[in-house]
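As stored in target-v6.txt (compact mmCIF, C-alpha atoms):
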# COMPACT_ATOMS: atom_id res chain seq x y z
CA MET A 925 14.17 -20.17 -55.46
CA LEU A 926 17.67 -19.60 -54.08
CA GLN A 927 17.33 -15.89 -54.79
CA MET A 928 14.02 -15.81 -52.90
CA PHE A 929 15.68 -17.60 -49.96
CA LYS A 930 18.50 -15.04 -49.92
CA ARG A 931 15.99 -12.20 -49.94
CA ALA A 932 14.09 -13.88 -47.09
CA LYS A 933 17.26 -14.26 -45.00
CA LYS A 934 18.15 -10.65 -45.71
CA TYR A 935 14.66 -9.63 -44.57
CA GLU A 936 14.97 -11.68 -41.34
CA LYS A 937 18.34 -10.12 -40.63
CA GLY A 938 16.84 -6.70 -41.22
CA VAL A 939 13.99 -7.42 -38.79
CA GLU A 940 16.45 -8.60 -36.11
CA SER A 941 18.61 -5.54 -36.68
CA SER A 942 15.57 -3.27 -36.49
CA SER A 943 14.41 -4.98 -33.28
CA ALA A 944 17.84 -4.61 -31.69
CA SER A 945 17.95 -0.98 -32.76
CA ASP A 946 14.49 -0.31 -31.27
CA SER A 947 15.59 -2.00 -28.04
CA LYS A 948 18.65 0.21 -27.75
CA ALA A 949 16.57 3.30 -28.47
CA GLU A 950 14.07 2.34 -25.74
CA GLU A 951 16.88 1.66 -23.27
CA SER A 952 18.46 5.02 -24.08
CA LEU A 953 15.12 6.76 -23.49
CA LEU A 954 14.63 4.94 -20.17
CA ARG A 955 18.12 5.93 -19.08
CA GLN A 956 17.47 9.55 -19.99
CA ARG A 957 14.23 9.52 -18.04
CA MET A 958 15.85 7.90 -15.02
CA THR A 959 18.51 10.61 -14.81
CA GLN A 960 15.66 13.12 -14.47
CA VAL A 961 14.45 11.45 -11.26
CA SER A 962 15.61 13.47 -8.29
CA PHE A 963 14.21 14.62 -4.97
CA CYS A 964 11.78 17.52 -5.19
CA ASN A 965 8.87 18.75 -3.11
CA VAL A 966 5.56 17.03 -3.82
CA TYR A 967 3.23 19.26 -5.88
CA ALA A 968 6.08 21.61 -6.85
CA THR A 969 6.13 22.12 -10.62
CA PRO A 970 9.10 19.72 -11.24
CA TRP A 971 7.34 17.02 -9.22
CA PHE A 972 4.76 16.41 -11.95
CA THR A 973 7.55 15.58 -14.39
CA VAL A 974 9.13 13.18 -11.88
CA ALA A 975 5.74 11.55 -11.20
CA ASN A 976 5.06 10.99 -14.91
CA THR A 977 8.58 9.67 -15.44
CA LEU A 978 8.21 7.17 -12.59
CA LYS A 979 4.85 6.06 -13.96
CA SER A 980 6.36 5.09 -17.32
CA ILE A 981 9.44 3.47 -15.77
CA ALA A 982 7.49 1.46 -13.19
CA LYS A 983 5.21 0.16 -15.95
CA VAL A 984 8.18 -1.17 -17.92
CA ALA A 985 9.73 -2.69 -14.77
CA ALA A 986 6.48 -4.53 -13.95
CA ILE A 987 6.24 -5.89 -17.50
CA GLU A 988 9.86 -7.08 -17.39
CA GLN A 989 9.30 -8.93 -14.12
CA SER A 990 6.09 -10.55 -15.36
CA LYS A 991 8.05 -12.40 -18.06
CA PRO A 992 9.57 -15.84 -17.37
CA ASP A 993 13.17 -15.71 -16.10
CA SER A 994 15.60 -16.38 -18.92
CA LYS A 995 18.46 -16.92 -16.45
CA PRO A 996 16.89 -17.29 -12.99
CA GLN A 997 20.23 -18.12 -11.37
CA GLY A 998 22.20 -15.45 -13.24
CA THR A 999 23.34 -12.08 -11.97
CA LEU A 1000 21.37 -8.95 -12.80
CA TRP A 1001 23.88 -8.14 -15.54
CA GLU A 1002 23.23 -11.48 -17.24
CA ARG A 1003 19.45 -11.07 -17.24
CA ASP A 1004 16.93 -9.06 -19.22
CA GLU A 1005 15.64 -6.61 -16.59
CA VAL A 1006 16.83 -3.36 -18.17
CA VAL A 1007 15.06 -1.00 -15.77
CA VAL A 1008 16.77 -2.29 -12.61
CA LYS A 1009 20.16 -2.15 -14.33
CA ILE A 1010 19.53 1.46 -15.28
CA VAL A 1011 18.45 2.35 -11.73
CA LEU A 1012 21.77 1.05 -10.42
CA GLU A 1013 23.92 2.43 -13.24
CA THR A 1014 22.46 5.92 -12.75
CA ALA A 1015 22.82 5.65 -8.94
CA ARG A 1016 19.10 6.22 -8.42
CA LEU A 1017 18.25 3.41 -5.98
CA ASN A 1018 18.73 5.44 -2.81
CA VAL A 1019 17.11 8.45 -4.50
CA LEU A 1020 14.04 6.26 -4.97
CA LEU A 1021 14.27 5.29 -1.30
CA GLU A 1022 14.42 8.98 -0.30
CA LEU A 1023 11.32 9.70 -2.40
CA LEU A 1024 9.56 6.65 -0.96
CA CYS A 1025 10.28 7.71 2.63
CA ASP A 1026 8.95 11.19 1.92
CA ALA A 1027 5.81 9.84 0.22
CA TYR A 1028 4.92 7.47 3.08
CA ASP A 1029 6.03 9.65 5.98
CA ASN A 1030 4.17 12.73 4.77
CA GLU A 1031 1.21 11.29 2.88
CA ASP A 1032 -1.31 12.52 5.46
CA GLU A 1033 -0.09 16.05 4.80
CA TYR A 1034 -0.03 15.55 1.02
CA LEU A 1035 -3.60 14.22 1.03
CA ASN A 1036 -4.84 16.83 3.48
CA GLU A 1037 -7.82 18.82 2.16
CA LEU A 1038 -6.16 22.18 2.74
CA THR A 1039 -2.99 21.07 0.95
CA LEU A 1040 -4.94 19.68 -2.00
CA ASN A 1041 -7.02 22.85 -2.30
CA LYS A 1042 -3.95 25.08 -2.12
CA PHE A 1043 -1.96 23.26 -4.79
CA GLY A 1044 -5.06 22.47 -6.84
CA LYS A 1045 -5.63 26.20 -7.30
CA LEU A 1046 -1.94 26.79 -8.01
CA HIS A 1047 -1.83 24.17 -10.77
CA ASN A 1048 -5.44 24.54 -11.96
CA LYS A 1049 -6.31 20.97 -10.94
CA ARG A 1050 -9.23 19.53 -9.00
CA PRO A 1051 -8.23 18.40 -5.47
CA ALA A 1052 -9.50 14.87 -6.18
CA SER A 1053 -7.40 14.69 -9.35
CA LEU A 1054 -4.33 15.89 -7.48
CA ALA A 1055 -4.88 13.27 -4.76
CA THR A 1056 -5.08 10.57 -7.43
CA GLU A 1057 -1.83 11.78 -8.97
CA PHE A 1058 -0.13 11.53 -5.59
CA THR A 1059 -1.40 8.03 -4.77
CA THR A 1060 -0.40 6.83 -8.23
CA TYR A 1061 3.06 8.33 -7.72
CA ARG A 1062 3.42 6.68 -4.31
CA ASN A 1063 2.30 3.29 -5.64
CA ASN A 1064 4.63 3.48 -8.64
CA LEU A 1065 7.54 4.29 -6.33
CA ALA A 1066 6.72 1.35 -4.08
CA LEU A 1067 6.41 -1.01 -7.06
CA LEU A 1068 9.63 0.13 -8.74
CA PHE A 1069 11.51 -0.18 -5.45
CA LYS A 1070 10.15 -3.69 -4.97
CA CYS A 1071 11.31 -4.66 -8.48
CA CYS A 1072 14.80 -3.39 -7.65
CA LEU A 1073 15.07 -5.28 -4.35
CA ASP A 1074 14.40 -8.58 -6.10
CA PHE A 1075 18.10 -8.49 -7.05
CA ILE A 1076 21.04 -8.88 -4.70
CA GLU A 1077 22.97 -6.22 -6.62
CA SER A 1078 20.41 -3.67 -5.43
CA VAL A 1079 20.38 -4.86 -1.82
CA GLN A 1080 24.19 -4.59 -1.69
CA VAL A 1081 24.11 -0.83 -2.41
CA LEU A 1082 20.92 -0.07 -0.52
CA ASP A 1083 20.79 2.14 2.56
CA VAL A 1084 19.38 -0.77 4.60
CA PRO A 1085 18.98 1.05 7.95
CA LYS A 1086 16.91 3.68 6.14
CA ILE A 1087 14.47 1.18 4.63
CA ILE A 1088 14.23 -0.67 7.95
CA GLY A 1089 13.34 2.63 9.63
CA LEU A 1090 10.65 3.26 7.02
CA MET A 1091 9.20 -0.23 7.41
CA ALA A 1092 9.04 0.25 11.18
CA ARG A 1093 7.31 3.63 10.85
CA ASN A 1094 4.78 2.14 8.43
CA MET A 1095 4.10 -0.72 10.85
CA ASP A 1096 3.56 1.85 13.62
CA ARG A 1097 0.94 3.56 11.48
CA LEU A 1098 -0.84 0.32 10.62
CA ASN A 1099 -0.76 -0.93 14.23
CA ASN A 1100 -2.20 2.33 15.57
CA PRO A 1101 -5.84 1.66 16.62
CA GLU A 1102 -6.76 5.19 15.51
CA CYS A 1103 -5.45 4.69 11.99
CA GLN A 1104 -8.18 5.71 9.51
CA MET A 1105 -6.37 4.47 6.41
CA PRO A 1106 -8.50 2.52 3.88
CA ALA A 1107 -8.14 -1.25 4.21
CA ASP A 1108 -6.79 -1.68 0.68
CA HIS A 1109 -4.02 0.83 1.33
CA LYS A 1110 -3.12 -0.91 4.61
CA LYS A 1111 -2.91 -4.19 2.74
CA ALA A 1112 -0.73 -2.64 0.01
CA ILE A 1113 1.69 -1.11 2.53
CA PHE A 1114 2.04 -4.39 4.39
CA THR A 1115 2.44 -6.41 1.18
CA PHE A 1116 5.28 -4.18 0.00
CA THR A 1117 6.82 -4.39 3.48
CA VAL A 1118 6.74 -8.20 3.29
CA PHE A 1119 8.64 -8.26 0.00
CA TYR A 1120 11.13 -5.59 1.08
CA PHE A 1121 11.82 -7.47 4.31
CA TYR A 1122 12.07 -10.83 2.55
CA ASN A 1123 14.60 -9.57 0.02
CA ILE A 1124 16.79 -8.11 2.75
CA ALA A 1125 16.44 -11.16 5.03
CA ARG A 1126 17.42 -13.73 2.40
CA ARG A 1127 20.54 -11.73 1.47
CA ILE A 1128 21.67 -10.90 5.00
CA GLY A 1129 24.76 -13.11 4.59
CA ASP A 1130 25.86 -11.05 1.59
CA ILE A 1131 25.56 -7.63 3.20
CA ARG A 1132 26.62 -6.11 6.53
CA GLY A 1133 24.41 -8.38 8.61
CA GLU A 1134 25.40 -6.92 11.97
CA LYS A 1135 24.27 -3.48 10.85
CA VAL A 1136 20.96 -4.88 9.63
CA ILE A 1137 20.26 -6.68 12.91
CA ALA A 1138 21.25 -3.61 14.94
CA SER A 1139 18.79 -1.52 12.96
CA ILE A 1140 16.03 -4.12 13.39
CA ILE A 1141 16.61 -4.09 17.16
CA GLU A 1142 16.77 -0.27 17.27
CA HIS A 1143 13.40 0.07 15.52
CA ASP A 1144 11.79 -2.99 17.16
CA LEU A 1145 10.79 -4.02 13.65
CA LEU A 1146 10.09 -7.71 14.26
CA LEU A 1147 7.49 -7.11 16.97
CA LYS A 1148 5.74 -4.48 14.85
CA TYR A 1149 5.87 -6.77 11.82
CA LEU A 1150 4.44 -9.75 13.73
CA LYS A 1151 1.59 -7.68 15.16
CA GLN A 1152 0.54 -6.51 11.71
CA LEU A 1153 1.06 -9.99 10.28
CA ALA A 1154 -1.61 -11.27 12.68
CA VAL A 1155 -4.00 -8.60 11.41
CA GLN A 1156 -3.28 -9.11 7.71
CA PHE A 1157 -2.92 -12.92 7.56
CA PRO A 1158 -6.62 -13.78 7.00
CA ALA A 1159 -6.83 -11.62 3.84
CA MET A 1160 -3.35 -12.25 2.43
CA THR A 1161 -2.76 -14.16 -0.79
CA ALA A 1162 -1.01 -17.53 -0.59
CA GLU A 1163 2.14 -16.03 -2.14
CA THR A 1164 2.31 -13.15 0.31
CA SER A 1165 1.61 -15.43 3.29
CA LEU A 1166 4.46 -17.73 2.30
CA THR A 1167 6.80 -14.83 1.67
CA ALA A 1168 5.94 -13.20 5.00
CA VAL A 1169 6.92 -16.34 6.94
CA GLU A 1170 9.88 -17.15 4.68
CA ALA A 1171 11.26 -13.72 5.55
CA LEU A 1172 11.19 -14.66 9.25
CA ALA A 1173 12.73 -18.05 8.46
CA ALA A 1174 15.51 -16.51 6.38
CA ILE A 1175 16.54 -13.89 8.90
CA SER A 1176 16.31 -16.27 11.86
CA ASP A 1177 18.66 -18.66 10.08
CA ALA A 1178 21.43 -16.04 9.91
CA GLU A 1179 24.34 -16.40 12.30
CA VAL A 1180 24.22 -12.69 13.18
CA PHE A 1181 20.59 -13.19 14.25
CA GLN A 1182 21.35 -16.21 16.41
CA ASP A 1183 24.25 -14.36 18.07
CA VAL A 1184 21.83 -11.84 19.60
CA LEU A 1185 18.68 -13.97 19.73
CA PRO A 1186 17.33 -12.73 23.11
CA SER A 1187 17.72 -9.10 21.99
CA VAL A 1188 16.41 -9.38 18.45
CA PHE A 1189 13.57 -11.79 19.30
CA PRO A 1190 12.54 -11.10 22.91
CA LEU A 1191 9.54 -12.36 24.87
CA ALA A 1192 7.02 -10.04 23.19
CA CYS A 1193 8.05 -11.36 19.73
CA CYS A 1194 7.88 -14.93 21.00
CA GLU A 1195 4.34 -14.42 22.27
CA GLN A 1196 3.23 -13.00 18.93
CA LEU A 1197 4.82 -15.86 16.98
CA VAL A 1198 3.17 -18.48 19.21
CA LEU A 1199 -0.22 -16.85 18.60
CA LEU A 1200 0.32 -17.19 14.84
CA ASP A 1201 1.58 -20.75 14.92
CA ALA A 1202 -1.38 -23.13 14.93
CA GLU A 1203 -3.73 -21.26 12.61
CA TYR A 1204 -1.32 -19.73 10.10
CA ILE A 1205 2.23 -21.08 10.26
CA GLN A 1206 1.61 -24.81 10.64
CA PRO A 1207 -0.51 -25.03 7.45
CA LEU A 1208 2.34 -23.38 5.53
CA LEU A 1209 4.80 -25.92 6.90
CA GLN A 1210 2.73 -28.69 5.33
CA ILE A 1211 3.49 -27.45 1.81
CA GLY A 1212 6.15 -29.93 0.69
CA GLU A 1213 8.13 -27.77 -1.74
CA GLU A 1214 8.47 -25.03 0.87
CA ASN A 1215 10.02 -27.24 3.57
CA VAL A 1216 13.63 -26.30 2.87
CA ARG A 1217 13.10 -22.54 2.93
CA MET A 1218 10.66 -22.72 5.84
CA SER A 1219 12.60 -25.12 8.06
CA PRO A 1220 14.42 -22.41 10.09
CA ILE A 1221 11.04 -21.17 11.35
CA ILE A 1222 10.69 -24.44 13.27
CA ASP A 1223 13.76 -23.58 15.35
CA LEU A 1224 12.46 -20.07 15.91
CA LEU A 1225 9.13 -21.49 17.06
CA SER A 1226 10.93 -23.80 19.49
CA HIS A 1227 12.76 -20.79 20.92
CA ALA A 1228 9.47 -18.90 21.16
CA TYR A 1229 7.68 -21.68 23.04
CA ARG A 1230 10.63 -22.19 25.43
CA THR A 1231 10.83 -18.46 26.14
CA CYS A 1232 7.09 -18.21 26.81
CA GLU A 1233 7.16 -21.24 29.11
CA ALA A 1234 10.14 -19.85 31.03
CA ALA A 1235 8.34 -16.52 31.47
CA GLN A 1236 5.32 -18.30 32.95
CA GLY A 1237 7.54 -19.89 35.58
Starting from the coordinates I provided, produce the structure as structure tokens.
Amino acid sequence: MLQMFKRAKKYEKGVESSSASDSKAEESLLRQRMTQVSFCNVYATPWFTVANTLKSIAKVAAIEQSKPDSKPQGTLWERDEVVVKIVLETARLNVLLELLCDAYDNEDEYLNELTLNKFGKLHNKRPASLATEFTTYRNNLALLFKCCLDFIESVQVLDVPKIIGLMARNMDRLNNPECQMPADHKKAIFTFTVFYFYNIARRIGDIRGEKVIASIIEHDLLLKYLKQLAVQFPAMTAETSLTAVEALAAISDAEVFQDVLPSVFPLACCEQLVLLDAEYIQPLLQIGEENVRMSPIIDLLSHAYRTCEAAQG
């Protein structure tokens, strides 16, 4: 019996060792793939390799973040999210941002019929298949970037003015009455914007807050965000709705925001916020467990109502 027990323990140790070895091999493969991610022209031959690489990496990142947090209060380096660590260790975060900007800013061109026909012939692919490859690539980029921004370590090395500029340009597109984008893509863009904005807003005290606020003012981001929030609110999930307003609460609670309140949240923003208040914001304020994180929005609402009343004379 003792001999059987020893063999069993030896077997268990072997399984653990094998599992650890497999884990290291997978991490090494992910790292190798990540180093291959670099900027290249969409539909150029190297782009297909980058797109496939991002597909596999984004899938792993999504799986990692779907698991319960082992150390929710720990730093990135104490937690189990291997993909985000590798993104930072290989200095690929701002490369991902560069690719994301290109994908969003030029997607009309990349999905243009003439472009798809031209590169479809070049690569012996059907235009519809090529369009699917591009949209999958764009969505994987957006998802992987979102996974990264969930951690303060990523936000601290991020080119924040660049992502704020991208968010503002995306809001311009969505707010344009002539925008012909499918509704599900509009929703996806805004949802990603909500989570990007939230992760920057809640860490503003740990980064160069003045630079962030200056960029928000330069791009008029808050007004554009509020306008699209009014459009998207009715169809948003409960989680996204909460996050969208928590982002406003978090940034409005920052000292650097309060220092330039009239500039960063002028009359036009106040009017938009007041329009959202009764139907959308007040119900969220009734959720007990959200009171602490949401409380700064009450002060911002008070400022908005006072500013609107003053403007009316």
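Coordinates place CA of Ile1221 (chain A) at a distance of 6.8 Å from CA of Leu1172 (chain A).
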Would you list the contacts of Asn1099 (chain A) as a PDB file with C-alpha atoms, keeping the file's coordinate frame, taking every protein, DNA or RNA residue within 9 Å and counting all atoms listed in the file, but skipping same-chain residues closer than 5 positions in sequence?
ATOM      1  CA  ASN A1094       4.780   2.140   8.430  1.00  0.00           C
ATOM      2  CA  LYS A1148       5.740  -4.480  14.850  1.00  0.00           C
ATOM      3  CA  LYS A1151       1.590  -7.680  15.160  1.00  0.00           C
ATOM      4  CA  GLN A1152       0.540  -6.510  11.710  1.00  0.00           C
ATOM      5  CA  VAL A1155      -4.000  -8.600  11.410  1.00  0.00           C
TER       6      VAL A1155
END
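The residue that comes closest to Leu1035 (chain A), out of A:Lys983, A:Cys1232, A:Tyr967, A:Glu1013 and on the basis of only C-alpha atoms, is A:Tyr967.
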Query raised in the report: In terms of the shortest atom-to-atom distance over all atoms listed in the file, which of A:Leu1040, A:Gln1182, A:Leu1191, A:Asp1074 is closest to Ala1234 (chain A)?
Result: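 Ranking A:Leu1040, A:Gln1182, A:Leu1191, A:Asp1074 by distance to Ala1234 (chain A), first place goes to A:Leu1191.
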For Gln1156 (chain A), find every residue with an atom within 12 Å (counting only C-alpha atoms), except residues of its own chain fewer than 4 positions away, and show them as a compact mmCIF listing (two decimals) with C-alpha atoms, in the frame of the given file.
# COMPACT_ATOMS: atom_id res chain seq x y z
CA MET A 1095 4.10 -0.72 10.85
CA LEU A 1098 -0.84 0.32 10.62
CA ASN A 1099 -0.76 -0.93 14.23
CA ALA A 1107 -8.14 -1.25 4.21
CA ASP A 1108 -6.79 -1.68 0.68
CA HIS A 1109 -4.02 0.83 1.33
CA LYS A 1110 -3.12 -0.91 4.61
CA LYS A 1111 -2.91 -4.19 2.74
CA ALA A 1112 -0.73 -2.64 0.01
CA ILE A 1113 1.69 -1.11 2.53
CA PHE A 1114 2.04 -4.39 4.39
CA THR A 1115 2.44 -6.41 1.18
CA THR A 1117 6.82 -4.39 3.48
CA VAL A 1118 6.74 -8.20 3.29
CA TYR A 1149 5.87 -6.77 11.82
CA LEU A 1150 4.44 -9.75 13.73
CA LYS A 1151 1.59 -7.68 15.16
CA GLN A 1152 0.54 -6.51 11.71
CA MET A 1160 -3.35 -12.25 2.43
CA THR A 1161 -2.76 -14.16 -0.79
CA THR A 1164 2.31 -13.15 0.31
CA SER A 1165 1.61 -15.43 3.29
CA ALA A 1168 5.94 -13.20 5.00
CA LEU A 1200 0.32 -17.19 14.84
CA TYR A 1204 -1.32 -19.73 10.10
Report task. With a distance cut-off of 7 Å and only C-alpha atoms, select the neighbouring residues of region 1142-1147 of chain A, excluding the residue or stretch itself and same-chain residues fewer than 2 positions from it, and output the selection as a ChimeraX atom specification. Result -> /A:1089,1092,1138-1140,1149-1151,1192-1193
How close does each residue of region 1061-1104 of chain A get to region 1119-1131 of chain A, giving the shortest atom pair and distance in Å to one decimal for every residue with an atom at most 9 Å away, counting all atoms listed in the file, sorted by chain and residue number, as a tab-separated table?
residue	atom	partner	partner_atom	distance
A:Phe1069	CA	A:Tyr1120	CA	8.5
A:Lys1070	CA	A:Tyr1120	CA	6.4
A:Leu1073	CA	A:Asn1123	CA	6.1
A:Asp1074	CA	A:Asn1123	CA	6.2
A:Phe1075	CA	A:Asn1123	CA	8.0
A:Ile1076	CA	A:Arg1127	CA	6.8
A:Val1079	CA	A:Ile1124	CA	6.7
A:Gln1080	CA	A:Ile1131	CA	5.9
A:Val1081	CA	A:Ile1131	CA	8.9
A:Val1084	CA	A:Ile1124	CA	8.0
A:Ile1087	CA	A:Tyr1120	CA	8.3
A:Ile1088	CA	A:Phe1121	CA	8.1
A:Met1091	CA	A:Phe1121	CA	8.3
Requested in this report: Work out how far CA of Thr973 (chain A) is from CA of Ser1053 (chain A), in Å to one decimal.
Outcome: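 Atom-to-atom, CA of Ser1053 (chain A) and CA of Thr973 (chain A) are spaced 15.8 Å apart.
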Requested in this report: Compile the contact shell of Leu1054 (chain A) as a ChimeraX atom specification: residues with an atom at most 9 Å away, counting only C-alpha atoms, same-chain residues fewer than 3 positions apart removed.
Outcome: /A:967,1035,1040,1043-1044,1049-1051,1057-1059
Query raised in the report: Quick one, how far is CA of Ala1174 (chain A) from CA of Ile1222 (chain A)?
Result: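 Interatomic distance here is 11.6 Å.
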